[in-house]
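**Q** Just so it is clear, I am handing over data18.cif, which has mmCIF, C-alpha atoms.
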```
data_data
#
loop_
_atom_site.label_atom_id
_atom_site.label_comp_id
_atom_site.auth_asym_id
_atom_site.auth_seq_id
_atom_site.Cartn_x
_atom_site.Cartn_y
_atom_site.Cartn_z
CA MET A 20 0.00 0.00 0.00
CA LEU A 21 2.70 2.43 1.00
CA ALA A 22 4.69 1.63 -2.10
CA GLY A 23 1.58 2.28 -4.19
CA ARG A 24 1.10 5.75 -2.67
CA LEU A 25 4.76 6.60 -3.04
CA GLY A 26 4.78 5.68 -6.71
CA PRO A 27 2.90 8.74 -8.02
CA ILE A 28 4.80 11.03 -5.64
CA ALA A 29 8.12 9.65 -6.80
CA LEU A 30 7.04 10.01 -10.41
CA ALA A 31 5.98 13.63 -9.83
CA ALA A 32 9.26 14.39 -8.11
CA ALA A 33 11.21 12.80 -10.95
CA LEU A 34 9.26 14.79 -13.54
CA LEU A 35 9.81 17.99 -11.60
CA ALA A 36 13.52 17.31 -11.31
CA ALA A 37 13.70 16.55 -15.02
CA ALA A 38 11.86 19.78 -15.80
CA VAL A 39 14.22 21.82 -13.63
CA PHE A 40 17.26 20.09 -15.13
CA GLY A 41 15.94 20.60 -18.63
CA TRP A 42 15.17 24.27 -17.99
CA ARG A 43 18.63 24.86 -16.55
CA ALA A 44 20.28 23.03 -19.42
CA TRP A 45 18.36 25.08 -21.97
CA THR A 46 18.84 28.43 -20.30
CA GLY A 47 22.43 27.58 -19.43
CA GLY A 48 22.95 26.71 -23.07
CA GLU A 49 21.58 30.01 -24.33
CA GLU A 50 23.44 31.96 -21.65
CA ALA A 51 26.65 30.29 -22.78
CA VAL A 52 25.84 31.17 -26.38
CA ILE A 53 25.33 34.82 -25.42
CA ARG A 54 28.58 34.87 -23.47
CA ALA A 55 30.41 33.39 -26.44
CA ARG A 56 28.82 35.98 -28.70
CA LEU A 57 30.02 38.78 -26.44
CA ALA A 58 33.50 37.24 -26.35
CA SER A 59 33.50 37.17 -30.15
CA PHE A 60 32.43 40.85 -30.14
CA VAL A 61 35.38 41.72 -27.89
CA ALA A 62 37.75 39.85 -30.21
CA ALA A 63 36.35 41.77 -33.17
CA VAL A 64 36.77 45.12 -31.41
CA ASN A 65 40.33 44.30 -30.35
CA SER A 66 41.48 43.02 -33.73
CA LYS A 67 43.77 45.39 -35.60
CA PRO A 68 41.94 47.37 -38.26
CA GLY A 69 43.60 47.67 -41.62
CA GLU A 70 43.97 50.81 -43.68
CA GLY A 71 41.35 52.16 -46.06
CA LEU A 72 38.86 49.46 -46.98
CA GLY A 73 40.26 47.27 -44.21
CA ALA A 74 39.20 49.86 -41.66
CA VAL A 75 35.74 50.05 -43.22
CA ALA A 76 35.43 46.28 -43.12
CA HIS A 77 36.52 46.27 -39.48
CA ALA A 78 33.84 48.78 -38.56
CA ALA A 79 31.23 46.78 -40.47
CA ASP A 80 32.32 43.61 -38.68
CA ILE A 81 31.82 45.32 -35.32
CA GLY A 82 28.46 46.62 -36.51
CA SER A 83 27.28 43.09 -37.31
CA TYR A 84 27.06 42.41 -33.58
CA PHE A 85 24.27 44.96 -33.26
CA THR A 86 20.70 44.96 -34.49
CA GLU A 87 19.68 47.19 -37.39
CA ASP A 88 17.72 49.43 -35.00
CA VAL A 89 20.17 49.39 -32.09
CA GLN A 90 19.83 52.18 -29.52
CA ILE A 91 23.00 53.23 -27.64
CA ASP A 92 22.89 55.68 -24.74
CA LEU A 93 26.34 56.64 -23.42
CA GLY A 94 25.02 58.92 -20.70
CA PRO A 95 24.74 62.63 -19.98
CA GLY A 96 26.65 64.91 -22.31
CA THR A 97 26.59 62.46 -25.21
CA ASN A 98 24.30 62.12 -28.20
CA PRO A 99 22.42 58.82 -28.52
CA ILE A 100 23.47 56.48 -31.30
CA GLN A 101 20.49 55.22 -33.24
CA GLY A 102 20.82 52.44 -35.74
CA ARG A 103 23.59 50.21 -36.97
CA SER A 104 24.54 52.52 -39.85
CA MET A 105 25.19 55.42 -37.50
CA LEU A 106 27.21 53.13 -35.23
CA ILE A 107 29.37 51.88 -38.10
CA GLY A 108 30.03 55.44 -39.20
CA ILE A 109 31.15 56.45 -35.74
CA ALA A 110 33.24 53.29 -35.31
CA SER A 111 35.04 54.05 -38.59
CA ARG A 112 35.95 57.56 -37.47
CA LEU A 113 37.15 56.48 -34.00
CA GLN A 114 39.18 53.44 -35.03
CA SER A 115 42.58 55.08 -34.87
CA ARG A 116 41.92 56.33 -31.32
CA LEU A 117 40.28 53.15 -30.06
CA SER A 118 43.02 50.93 -31.48
CA ALA A 119 45.28 52.27 -28.71
CA PHE A 120 43.06 50.52 -26.17
CA GLU A 121 41.96 46.95 -25.53
CA LEU A 122 38.37 46.24 -24.56
CA VAL A 123 37.81 43.88 -21.62
CA LEU A 124 34.39 42.73 -20.40
CA GLU A 125 34.06 41.43 -16.84
CA ASP A 126 31.35 40.55 -14.34
CA VAL A 127 29.04 39.56 -17.19
CA VAL A 128 25.62 38.56 -15.83
CA VAL A 129 23.15 37.11 -18.34
CA GLU A 130 19.44 36.71 -17.63
CA LEU A 131 17.14 35.27 -20.24
CA THR A 132 13.88 37.21 -20.30
CA GLY A 133 12.25 35.29 -23.13
CA GLU A 134 13.01 32.92 -25.95
CA THR A 135 14.68 35.65 -28.00
CA THR A 136 15.58 38.30 -25.46
CA ALA A 137 18.08 38.57 -22.64
CA ASP A 138 19.22 41.23 -20.22
CA VAL A 139 22.95 41.48 -19.64
CA GLN A 140 24.80 43.52 -17.02
CA LEU A 141 28.53 43.87 -17.48
CA THR A 142 31.52 46.05 -16.76
CA ALA A 143 33.58 47.26 -19.71
CA SER A 144 37.14 48.48 -19.34
CA PHE A 145 39.37 50.01 -21.97
CA ILE A 146 42.96 49.10 -21.11
CA ARG A 147 45.77 51.10 -22.65
CA ARG A 148 47.81 48.95 -25.06
CA ASP A 149 50.87 51.16 -25.40
CA THR A 150 52.08 52.98 -22.29
CA ALA A 151 54.44 55.04 -24.41
CA ALA A 152 51.53 56.62 -26.23
CA GLY A 153 50.80 58.90 -23.27
CA LEU A 154 47.12 57.97 -23.20
CA GLU A 155 45.38 57.29 -19.91
CA PRO A 156 43.09 54.27 -19.51
CA MET A 157 39.42 55.10 -19.48
CA ASP A 158 37.54 54.45 -16.27
CA PRO A 159 35.56 51.18 -16.32
CA THR A 160 31.89 51.55 -17.10
CA GLU A 161 28.86 49.46 -16.24
CA PHE A 162 26.45 48.76 -19.06
CA ALA A 163 22.91 47.40 -19.24
CA VAL A 164 22.55 45.46 -22.47
CA LEU A 165 19.47 44.10 -24.18
CA MET A 166 20.31 41.16 -26.41
CA THR A 167 17.86 39.93 -29.02
CA GLN A 168 17.97 36.81 -31.14
CA ALA A 169 16.97 36.73 -34.77
CA ASP A 170 17.80 34.10 -37.37
CA GLY A 171 19.58 32.15 -34.66
CA THR A 172 22.04 34.96 -33.91
CA TRP A 173 22.17 37.03 -30.75
CA ARG A 174 22.81 40.73 -31.29
CA ILE A 175 22.93 43.83 -29.11
CA GLY A 176 19.63 45.71 -29.42
CA ARG A 177 20.14 48.31 -26.74
CA LEU A 178 23.21 49.46 -24.83
CA THR A 179 22.86 51.86 -21.91
CA VAL A 180 25.47 53.24 -19.55
CA VAL A 181 24.56 52.66 -15.91
CA GLN A 182 25.29 55.81 -13.92
CA VAL A 183 27.06 54.37 -10.87
CA LEU A 184 28.43 57.79 -9.91
CA ARG A 185 25.93 60.56 -10.67
CA MET B 18 44.61 18.89 9.51
CA ARG B 19 46.31 22.25 10.05
CA VAL B 20 46.53 22.72 6.32
CA LEU B 21 42.81 22.11 5.97
CA VAL B 22 42.06 24.64 8.69
CA LEU B 23 44.34 27.16 7.01
CA VAL B 24 42.67 26.60 3.67
CA ALA B 25 39.23 26.95 5.22
CA ILE B 26 40.21 30.18 6.96
CA SER B 27 41.67 31.57 3.74
CA VAL B 28 38.54 30.71 1.80
CA VAL B 29 36.29 32.37 4.35
CA LEU B 30 38.60 35.36 4.65
CA PHE B 31 38.94 36.12 0.94
CA LYS B 32 35.41 35.19 -0.04
CA TRP B 33 33.43 36.99 2.62
CA VAL B 34 35.72 39.37 4.49
CA LEU B 35 38.54 40.76 2.39
CA LEU B 36 38.38 41.66 -1.29
CA PRO B 37 41.77 42.12 -3.00
CA VAL B 38 41.72 44.91 -5.58
CA ARG B 39 44.34 46.33 -7.91
CA ALA B 40 44.28 50.05 -8.49
CA GLN B 41 44.14 50.95 -12.16
CA GLY B 42 44.48 54.45 -13.42
CA ILE B 43 45.70 57.68 -11.88
CA SER B 44 42.59 59.06 -10.19
CA MET B 45 43.75 58.11 -6.68
CA GLN B 46 47.34 59.35 -7.00
CA PRO B 47 49.36 60.12 -4.98
CA THR B 48 47.58 58.01 -2.35
CA PHE B 49 47.51 54.89 -4.54
CA GLY B 50 49.72 54.31 -7.52
CA SER B 51 48.37 52.62 -10.63
CA GLY B 52 48.98 48.88 -10.37
CA SER B 53 49.17 48.79 -6.55
CA PHE B 54 47.31 46.04 -4.69
CA ARG B 55 44.86 46.88 -1.90
CA LEU B 56 42.50 45.02 0.42
CA VAL B 57 38.87 45.99 0.97
CA ASN B 58 37.11 45.01 4.20
CA ARG B 59 33.63 43.89 3.20
CA LEU B 60 32.52 43.99 6.85
CA SER B 61 33.51 47.64 7.40
CA PHE B 62 29.99 48.98 7.41
CA LEU B 63 28.13 46.14 9.11
CA SER B 64 27.94 48.42 12.10
CA GLY B 65 28.40 52.04 11.14
CA THR B 66 28.37 53.96 7.91
CA PRO B 67 31.03 55.46 5.63
CA GLN B 68 32.64 58.56 7.06
CA ARG B 69 34.21 61.54 5.36
CA GLY B 70 37.75 60.67 4.38
CA ASP B 71 37.13 56.91 4.06
CA ILE B 72 38.55 55.31 0.95
CA ILE B 73 35.94 52.87 -0.29
CA ALA B 74 35.40 50.32 -3.03
CA ILE B 75 32.31 50.67 -5.18
CA ARG B 76 30.93 47.80 -7.22
CA LEU B 77 29.89 48.11 -10.82
CA ALA B 78 28.23 45.07 -12.44
CA GLY B 79 30.19 42.87 -10.00
CA THR B 80 33.27 42.95 -7.82
CA ARG B 81 36.01 41.97 -10.24
CA VAL B 82 36.24 45.59 -11.37
CA VAL B 83 35.45 48.28 -8.82
CA TYR B 84 35.89 52.00 -8.32
CA VAL B 85 38.18 53.05 -5.46
CA LYS B 86 37.34 56.57 -4.35
CA ARG B 87 37.37 58.76 -1.24
CA VAL B 88 34.18 59.84 0.53
CA ILE B 89 33.98 63.61 0.80
CA GLY B 90 30.22 64.20 1.08
CA LEU B 91 27.73 62.59 3.43
CA PRO B 92 23.96 62.05 3.20
CA GLY B 93 22.00 65.26 3.50
CA GLU B 94 24.97 67.57 2.88
CA ARG B 95 25.35 70.16 0.15
CA LEU B 96 28.58 69.88 -1.83
CA GLU B 97 30.13 72.23 -4.32
CA ILE B 98 33.55 72.56 -5.94
CA ALA B 99 34.69 76.09 -6.69
CA ASP B 100 38.09 76.75 -8.28
CA GLY B 101 39.27 73.34 -7.10
CA GLN B 102 38.14 73.85 -3.47
CA VAL B 103 35.49 71.51 -2.06
CA LEU B 104 32.78 73.23 -0.03
CA ILE B 105 30.53 71.27 2.31
CA ASN B 106 27.43 73.24 3.24
CA GLY B 107 29.35 76.33 2.14
CA VAL B 108 32.39 75.59 4.35
CA PRO B 109 35.78 74.82 2.73
CA LEU B 110 36.88 71.21 3.31
CA ASP B 111 40.43 70.61 4.49
CA GLU B 112 41.94 67.86 2.34
CA PRO B 113 45.58 67.21 3.33
CA TYR B 114 45.76 64.20 0.98
CA VAL B 115 45.40 66.42 -2.12
CA GLN B 116 48.74 67.65 -3.45
CA ASN B 117 47.84 69.38 -6.72
CA ARG B 118 44.64 71.05 -7.73
CA ARG B 119 43.27 72.19 -11.04
CA PRO B 120 40.49 74.78 -10.88
CA TRP B 121 37.67 72.25 -11.03
CA THR B 122 34.13 73.51 -10.85
CA LEU B 123 31.07 71.54 -9.82
CA ALA B 124 27.65 73.08 -9.29
CA GLU B 125 26.17 72.48 -5.87
CA VAL B 126 24.60 69.05 -5.34
CA THR B 127 22.68 67.76 -2.34
CA MET B 128 23.13 64.19 -1.17
CA ALA B 129 19.91 62.30 -0.65
CA PRO B 130 19.54 59.89 2.28
CA GLY B 131 21.86 56.96 1.64
CA GLU B 132 23.94 58.87 -0.90
CA TYR B 133 27.63 59.70 -0.58
CA PHE B 134 29.79 61.91 -2.75
CA VAL B 135 33.05 60.26 -3.80
CA VAL B 136 36.05 61.52 -5.71
CA GLY B 137 39.66 60.51 -6.33
CA ASP B 138 42.61 62.25 -4.68
CA ASN B 139 44.24 63.28 -7.96
CA ARG B 140 42.82 66.76 -8.44
CA GLY B 141 45.65 67.69 -10.78
CA MET B 142 44.14 65.77 -13.69
CA ASN B 143 41.55 67.01 -16.15
CA ARG B 144 38.12 67.21 -14.59
CA ARG B 145 36.49 65.53 -17.59
CA ASP B 146 38.78 62.49 -17.21
CA HIS B 147 37.98 62.04 -13.52
CA THR B 148 35.01 59.89 -12.54
CA MET B 149 33.29 61.20 -9.43
CA GLY B 150 29.82 61.83 -8.08
CA ARG B 151 27.03 60.61 -5.83
CA VAL B 152 26.85 56.90 -5.13
CA ASP B 153 24.13 54.86 -3.47
CA ALA B 154 25.14 53.16 -0.24
CA ASN B 155 24.05 49.78 -1.60
CA ARG B 156 26.90 49.98 -4.15
CA ILE B 157 29.57 50.37 -1.48
CA ILE B 158 31.48 47.11 -0.91
CA GLY B 159 33.63 48.24 2.01
CA ARG B 160 36.54 50.36 3.20
CA VAL B 161 40.05 50.01 1.81
CA VAL B 162 42.09 48.89 4.80
CA PHE B 163 45.51 48.27 3.26
#
```
Can the structure in the file be given as structure tokens, please?
**A**
Amino acid sequence: MLAGRLGPIALAAALLAAAVFGWRAWTGGEEAVIRARLASFVAAVNSKPGEGLGAVAHAADIGSYFTEDVQIDLGPGTNPIQGRSMLIGIASRLQSRLSAFELVLEDVVVELTGETTADVQLTASFIRRDTAAGLEPMDPTEFAVLMTQADGTWRIGRLTVVQVLR
Amino acid sequence: MRVLVLVAISVVLFKWVLLPVRAQGISMQPTFGSGSFRLVNRLSFLSGTPQRGDIIAIRLAGTRVVYVKRVIGLPGERLEIADGQVLINGVPLDEPYVQNRRPWTLAEVTMAPGEYFVVGDNRGMNRRDHTMGRVDANRIIGRVVF
């Protein structure tokens, strides 16, 4: 009798455990994909741009990590960047300055908010590559990132500076 | 057995009590040089709150990269910077740790409850390159103790 009563309970517990495991495996999988995507973005930013068309291609490569309608807010005193085209244009003009620094992302926290959306909190640091250049490293900055998935690819849809010190 | 105890103490110490940080940048010069290692006491403000002059660590998205700044303004106070001089409620603040000053200007701000004003010690750098401002208490990790 007791074994009979325990059977359904054990089955329910097993199903619940399987559901939790499956959910974690799926979300863990997508979180890992997003992290890998961000790592690939960092590698693209830090790769050496070429001259002329090479520089244009480099900017376009960086732009491919963002959605067509990306919104970027870099905080007070800056103009918002709206759209991938605008971003690529700005990236092209700033390449020579940014190439003196290396981008590092740390404390990356990924939270899936839906099947095709995720919120990411991270800290971005620009580390000076060449100390002889006389450039000072930029202060690290916290960002709130909205990632969206389309055609199986995660891209940055919105990037907002978090004002830690106001 | 002793080794296990030592390992356990080290784990507890560096996971919950002390946070090692490495200063990066020049904003805290001459107090801290860029590249110097420091320790932050996470338990500093379990009883008590940050005081003026405390050097604190401030978390961003996590604790691998933090801001290290000095508290100069407390909750409820009015703070202004005029020609490089910090004024608290209109009274000039004595800052013996500052060696060089550029004529920074900051319009008066008022700290809300639970807000502190933090700034680096290097006042000889360009104002626009120096990150400073009001921070919420819940972002403060602890006091730099070494």
**Q** Determine the residue membership of the PyMOL selection byres ((chain A) within 8 of (chain B)) for the file above and supply it as a list of chain:residue names.
**A**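 Applied to this file, the PyMOL selection byres ((chain A) within 8 of (chain B)) returns A:Glu125, A:Asp126, A:Val127, A:Val128, A:Gln140, A:Leu141, A:Thr142, A:Glu155, A:Pro156, A:Met157, A:Asp158, A:Pro159, A:Thr160, A:Glu161, A:Phe162, A:Val183, A:Leu184, A:Arg185.
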**Q** What residues come out when you apply the PyMOL selection byres ((chain B and resi 117-127) around 10) to this file, written as a PyMOL selection string?
**A** chain B and resi 47+90-107+114-116+128-130+132-134+138-145+150-151
**Q** Can you tell me how far atom CA of Phe145 of chain A sits from atom CA of Gly159 of chain B, in Å to one decimal?
**A**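 Atom-to-atom, atom CA of Phe145 of chain A to atom CA of Gly159 of chain B, that is 24.7 Å.
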**Q** Since I can't run it myself right now, could you work out what the PyMOL selection byres ((chain A and resi 57-62) around 9) selects here and report it as a list in words?
**A**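 Applying the expression gives Val52, Ile53, Arg54, Ala55, Arg56, Ala63, Val64, Asn65, Ser66, Asp80, Ile81, Tyr84, Glu121, Leu122, Val123, Leu124 and Arg174 of chain A.
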**Q** Store the residues of this selection in a file with C-alpha atoms, as a PDB file, in the coordinates of the input.
**A**
```
ATOM      1  CA  VAL A  52      25.840  31.170 -26.380  1.00  0.00           C
ATOM      2  CA  ILE A  53      25.330  34.820 -25.420  1.00  0.00           C
ATOM      3  CA  ARG A  54      28.580  34.870 -23.470  1.00  0.00           C
ATOM      4  CA  ALA A  55      30.410  33.390 -26.440  1.00  0.00           C
ATOM      5  CA  ARG A  56      28.820  35.980 -28.700  1.00  0.00           C
ATOM      6  CA  ALA A  63      36.350  41.770 -33.170  1.00  0.00           C
ATOM      7  CA  VAL A  64      36.770  45.120 -31.410  1.00  0.00           C
ATOM      8  CA  ASN A  65      40.330  44.300 -30.350  1.00  0.00           C
ATOM      9  CA  SER A  66      41.480  43.020 -33.730  1.00  0.00           C
ATOM     10  CA  ASP A  80      32.320  43.610 -38.680  1.00  0.00           C
ATOM     11  CA  ILE A  81      31.820  45.320 -35.320  1.00  0.00           C
ATOM     12  CA  TYR A  84      27.060  42.410 -33.580  1.00  0.00           C
ATOM     13  CA  GLU A 121      41.960  46.950 -25.530  1.00  0.00           C
ATOM     14  CA  LEU A 122      38.370  46.240 -24.560  1.00  0.00           C
ATOM     15  CA  VAL A 123      37.810  43.880 -21.620  1.00  0.00           C
ATOM     16  CA  LEU A 124      34.390  42.730 -20.400  1.00  0.00           C
ATOM     17  CA  ARG A 174      22.810  40.730 -31.290  1.00  0.00           C
TER      18      ARG A 174
END
```
**Q** Which residues are near Pro99 of chain A? Cut-off 12 Å, all atoms listed in the file, ignore same chain within fewer than 5 positions. Put them as a PyMOL selection string.
**A** chain A and resi 89-94+105-106+109+177-180
**Q** So the first atom is atom CA of Glu87 of chain A and the second is atom CA of Gly102 of chain A; what is the distance between them in Å, to one decimal place?
**A**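 So the answer is 5.6 Å.
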**Q** Just the residues within 7 Å of Val38 of chain B, please, counting all atoms listed in the file, with nothing from its chain fewer than 2 positions along; format it as an MDAnalysis selection string.
**A** chainID B and resid 36 40 54:56
**Q** Taking all atoms of segment 127-144 of chain A that appear in the file, build a box with edges along x, y and z, extend it by 4 Å on every side, and state its centre and edge lengths in Å to one decimal, as JSON.
**A**
```
{"center_x": 24.7, "center_y": 40.7, "center_z": -21.9, "size_x": 32.9, "size_y": 23.6, "size_z": 20.2}
```
**Q** Just the number, please: distance in Å from atom CA of Val164 of chain A to atom CA of Thr132 of chain A, one decimal.
**A**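 Atom CA of Thr132 of chain A lies 12.2 Å from atom CA of Val164 of chain A.
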**Q** Taking only C-alpha atoms into account, name the residue in B:Ile89, B:Val24, B:Asp111, B:Phe163 that is nearest to Pro67 of chain B.
**A** B:Ile89
**Q** Some atoms are missing, so please complete segment 89-106 of chain B with N, CA and C atoms and return it as a compact mmCIF listing (two decimals), keeping the file's coordinate frame.
**A**
```
# COMPACT_ATOMS: atom_id res chain seq x y z
N ILE B 89 33.83 62.22 0.35
CA ILE B 89 33.98 63.61 0.80
C ILE B 89 32.64 64.24 1.17
N GLY B 90 31.53 63.66 0.75
CA GLY B 90 30.22 64.20 1.08
C GLY B 90 29.33 63.14 1.68
N LEU B 91 28.57 63.53 2.70
CA LEU B 91 27.73 62.59 3.43
C LEU B 91 26.25 62.85 3.15
N PRO B 92 25.39 61.87 3.47
CA PRO B 92 23.96 62.05 3.20
C PRO B 92 23.42 63.34 3.80
N GLY B 93 22.63 64.04 3.03
CA GLY B 93 22.00 65.26 3.50
C GLY B 93 22.82 66.52 3.32
N GLU B 94 24.10 66.40 3.01
CA GLU B 94 24.97 67.57 2.88
C GLU B 94 24.88 68.18 1.48
N ARG B 95 25.23 69.47 1.43
CA ARG B 95 25.35 70.16 0.15
C ARG B 95 26.84 70.23 -0.20
N LEU B 96 27.18 69.90 -1.42
CA LEU B 96 28.58 69.88 -1.83
C LEU B 96 28.75 70.67 -3.11
N GLU B 97 29.82 71.42 -3.15
CA GLU B 97 30.13 72.23 -4.32
C GLU B 97 31.64 72.25 -4.48
N ILE B 98 32.12 72.38 -5.71
CA ILE B 98 33.55 72.56 -5.94
C ILE B 98 33.74 73.88 -6.68
N ALA B 99 34.49 74.76 -6.10
CA ALA B 99 34.69 76.09 -6.69
C ALA B 99 36.20 76.34 -6.81
N ASP B 100 36.66 76.50 -8.05
CA ASP B 100 38.09 76.75 -8.28
C ASP B 100 38.96 75.70 -7.60
N GLY B 101 38.50 74.47 -7.64
CA GLY B 101 39.27 73.34 -7.10
C GLY B 101 39.03 73.08 -5.61
N GLN B 102 38.38 74.00 -4.91
CA GLN B 102 38.14 73.85 -3.47
C GLN B 102 36.77 73.22 -3.23
N VAL B 103 36.75 72.15 -2.42
CA VAL B 103 35.49 71.51 -2.06
C VAL B 103 34.84 72.28 -0.93
N LEU B 104 33.56 72.55 -1.07
CA LEU B 104 32.78 73.23 -0.03
C LEU B 104 31.68 72.29 0.42
N ILE B 105 31.59 72.08 1.74
CA ILE B 105 30.53 71.27 2.31
C ILE B 105 29.61 72.20 3.08
N ASN B 106 28.38 72.29 2.64
CA ASN B 106 27.43 73.24 3.24
C ASN B 106 28.02 74.65 3.30
```
